[in-house]
Each structure stands twice: as C-alpha cells, then as structure tokens.
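**Q** Before I ask anything, let me first share the structure, which is written out below as structure tokens.
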Amino acid sequence: MSQVPAFKRILLKLSGEALMGDDSYGINRATIEQIVQQIKEVSELGVQIGVVIGGGNIFRGVAPAAAGMDRATADYMGMMATVMNALALKDAMTRVGMVARVQSALTMQQIAEPYVRGKAMQYLEEGKVVIFAAGTGNPFFTTDTAAALRGMEMNVDIMLKATKVDGVYTDDPKKNPSATRYTTLTFDEAISRNLKVMDATAFALCRDQHLNIKVFSIFKEGALKRVVLGEDEGTLVHCQA
C-alpha cells in the first residue's frame, strides 16, 4: 500500500478533552502517549505538522469557580490551560525523540516562545512540530477559531479535527444505531443540516478561505495516518467544486 502522504502540511486540532482519556479532568499519561505516537507516525512520513490544542480538560476542574465570572477573565484562564496542555504535549513528543516547539499567543517567555508566523513556518519546514498555545490570544474566540486562523496563516493543505467520533454522522451514533457516517460533505450541507462540525466562527472562516476540514477519531488506532494517506477515514467537509 502506498505510503505517500496526500498532504504536505497539516493543522491538527486537538481538544483538551482528548487528553483526559477516561479521567474526569486533567491529563491521562497513557492517552497523551497514544496521541503522540500517532503524530510521530505521520511526522515520519515527512508531513509538516502544526497543532492547536484546547484547554477543556484542565479548565473543567475550575469551571465551578468560573461560574458567574467575567467572561474575558474566564477565557484568559482557559488560554493558560491550553499552554499547560501544550507543554505536556511537547514533553511527550520529546520523550519519543521528536522535536517540537510551543508558540503562545500570550507572552510567557520563560516557558514558551511568542507566536511569530515566520518563525513557525521555518520550524515546520525544518520538520519540527509546532504547537500553538493560548488560542488566538483574545477572549470570546474558541480554540476552533484559533485552529482555523493558524491553519490559514501556515498555508496548510487541510485542517484535521480530532474528536472522539470517527466522523460526522446523520445523527448521534451513540443514541441512534442506524445513524450513518458521511464520507464527504460540503460546507453548505453541514450548515443547512445543522451538523456541529465546529463552532460557527471557525467554520465560516474555513469555508470563506477554502480550507477543507477532515473530522476523524484520534482514539481509533492508526486513524491519523490513514487520513494523511488519503484513505477513507472520517468525514471530509469541503467547498463545492
């Protein structure tokens, strides 16, 4: 079987919740190692990889205290949670011999580089994985939107949205056993059918800039590699031809 990647440069969007495994919050070591192993397989194919990570797994632990808090303050707390996840991801990558850099949209010079587009592009071209932390650096925007922005700025070929489900379905597959997976969808179809691929701002950005999205399960063994090789894995959300 061909091992030639279908994409030269990708942006992988990981939710913070993906790092929890079966835990109620925090980072599950076995889970993060499994995710990093999948990323390493793709990196070894010569694919350039940027990663945007959420912070829900850490913020979930302080969410009760954030109830009623000023929205901007709560969002900044969430951004710092993404930095913690980014550092954990970088550490796990270093342990398996990968070279990764963390760039933060918020200035934290002691622990992460500031986000600089040219420097990030250089790292990608050198084969380093770039982990983009702190979202967009602005409150009121999700890490989905940050992923869309960074994907466009890095001129990636596709955005890969890693979830717990292996694609976009006609209905919730856990509640409806007869739900079927879409192989492909246009952006307009996803909107008209009210399919929650990602938040509306991020989705609109991807549609307007013709950045295709592949939704797949990061917990399915070898799924990331199959996506990168262009195999039938997950759901492709694309612009109409």
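Each chain of the structure tokens is named A, B, ... in the order shown, its residues numbered from 1; ligands are numbered from 1 in display order.
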Counting only C-alpha atoms, which residues of region 129-233 of chain A sit at most 12 Å from some atom of region 5-11 of chain A, and what is each one's closest atom pair with its distance in Å to one decimal, listed by chain and rising residue number, as JSON lines?

**A**
{"residue": "A:Val129", "atom": "CA", "partner": "A:Leu11", "partner_atom": "CA", "distance": 10.1}
{"residue": "A:Val130", "atom": "CA", "partner": "A:Leu11", "partner_atom": "CA", "distance": 9.5}
{"residue": "A:Ile131", "atom": "CA", "partner": "A:Leu11", "partner_atom": "CA", "distance": 9.7}
{"residue": "A:Phe132", "atom": "CA", "partner": "A:Leu11", "partner_atom": "CA", "distance": 10.0}
{"residue": "A:Asp144", "atom": "CA", "partner": "A:Leu11", "partner_atom": "CA", "distance": 11.2}
{"residue": "A:Ala146", "atom": "CA", "partner": "A:Leu11", "partner_atom": "CA", "distance": 10.8}
{"residue": "A:Ala147", "atom": "CA", "partner": "A:Leu11", "partner_atom": "CA", "distance": 7.2}
{"residue": "A:Ala148", "atom": "CA", "partner": "A:Leu11", "partner_atom": "CA", "distance": 8.6}
{"residue": "A:Leu149", "atom": "CA", "partner": "A:Leu11", "partner_atom": "CA", "distance": 10.2}
{"residue": "A:Arg150", "atom": "CA", "partner": "A:Leu11", "partner_atom": "CA", "distance": 7.8}
{"residue": "A:Gly151", "atom": "CA", "partner": "A:Leu11", "partner_atom": "CA", "distance": 5.6}
{"residue": "A:Met152", "atom": "CA", "partner": "A:Leu11", "partner_atom": "CA", "distance": 9.2}
{"residue": "A:Glu153", "atom": "CA", "partner": "A:Leu11", "partner_atom": "CA", "distance": 10.5}
{"residue": "A:Met154", "atom": "CA", "partner": "A:Leu11", "partner_atom": "CA", "distance": 8.4}
{"residue": "A:Asn155", "atom": "CA", "partner": "A:Arg9", "partner_atom": "CA", "distance": 7.8}
{"residue": "A:Val156", "atom": "CA", "partner": "A:Arg9", "partner_atom": "CA", "distance": 5.0}
{"residue": "A:Asp157", "atom": "CA", "partner": "A:Arg9", "partner_atom": "CA", "distance": 5.6}
{"residue": "A:Ile158", "atom": "CA", "partner": "A:Ile10", "partner_atom": "CA", "distance": 5.5}
{"residue": "A:Met159", "atom": "CA", "partner": "A:Leu11", "partner_atom": "CA", "distance": 4.8}
{"residue": "A:Leu160", "atom": "CA", "partner": "A:Leu11", "partner_atom": "CA", "distance": 6.1}
{"residue": "A:Lys161", "atom": "CA", "partner": "A:Leu11", "partner_atom": "CA", "distance": 8.5}
{"residue": "A:Ala162", "atom": "CA", "partner": "A:Leu11", "partner_atom": "CA", "distance": 10.4}
{"residue": "A:Leu211", "atom": "CA", "partner": "A:Leu11", "partner_atom": "CA", "distance": 10.5}
{"residue": "A:Asn212", "atom": "CA", "partner": "A:Ile10", "partner_atom": "CA", "distance": 10.7}
{"residue": "A:Ile213", "atom": "CA", "partner": "A:Leu11", "partner_atom": "CA", "distance": 9.6}
{"residue": "A:Lys214", "atom": "CA", "partner": "A:Leu11", "partner_atom": "CA", "distance": 10.4}
{"residue": "A:Leu224", "atom": "CA", "partner": "A:Ile10", "partner_atom": "CA", "distance": 10.9}
{"residue": "A:Lys225", "atom": "CA", "partner": "A:Pro5", "partner_atom": "CA", "distance": 8.6}
{"residue": "A:Arg226", "atom": "CA", "partner": "A:Pro5", "partner_atom": "CA", "distance": 9.1}
{"residue": "A:Val227", "atom": "CA", "partner": "A:Ala6", "partner_atom": "CA", "distance": 8.4}
{"residue": "A:Val228", "atom": "CA", "partner": "A:Pro5", "partner_atom": "CA", "distance": 5.5}
{"residue": "A:Leu229", "atom": "CA", "partner": "A:Pro5", "partner_atom": "CA", "distance": 4.5}
{"residue": "A:Gly230", "atom": "CA", "partner": "A:Ala6", "partner_atom": "CA", "distance": 5.3}
{"residue": "A:Glu231", "atom": "CA", "partner": "A:Ala6", "partner_atom": "CA", "distance": 9.0}

**Q** Considering only C-alpha atoms, state which residue in the set A:Thr235, A:Thr143, A:Thr183, A:Asn194 is at the smallest distance from Asp75 (chain A).

**A**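 With only C-alpha atoms as the atom set, the closest residue is A:Thr143.
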
**Q** Report as a list in words all protein, DNA and RNA residues lying within 8 Å of region 63-72 of chain A, evaluated on only C-alpha atoms, omitting residues in the same chain fewer than 4 positions from it.

**A** Phe59, Tyr76, Pro139 and Phe140 of chain A

**Q** How many Å separate CA of Val102 (chain A) from CA of Leu205 (chain A)?

**A**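 Separating CA of Val102 (chain A) from CA of Leu205 (chain A) is a distance of 23.9 Å.
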
**Q** Would you pick out the contacts of Met98 (chain A) at 12 Å or less, using only C-alpha atoms, so that residues sharing its chain but fewer than 2 positions from it are not included, and give the list as a list of chain:residue names?

**A**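 Final neighbour list, sorted by chain and number: A:Val36, A:Gln37, A:Ile39, A:Lys40, A:Glu41, A:Val42, A:Ser43, A:Glu44, A:Ile49, A:Leu89, A:Lys90, A:Asp91, A:Ala92, A:Met93, A:Thr94, A:Arg95, A:Val96, A:Ala100, A:Arg101, A:Gly127, A:Lys128, A:Val129, A:Val130.
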
**Q** Taking the chain letters and numbering used in this document, name the residues of region 20-205 of chain A that DSSP puts in helix (DSSP H, G or I), as number ranges by chain.

**A** A: 29-43, 56-66, 71-95, 117-125, 143-153, 187-192, 200-205
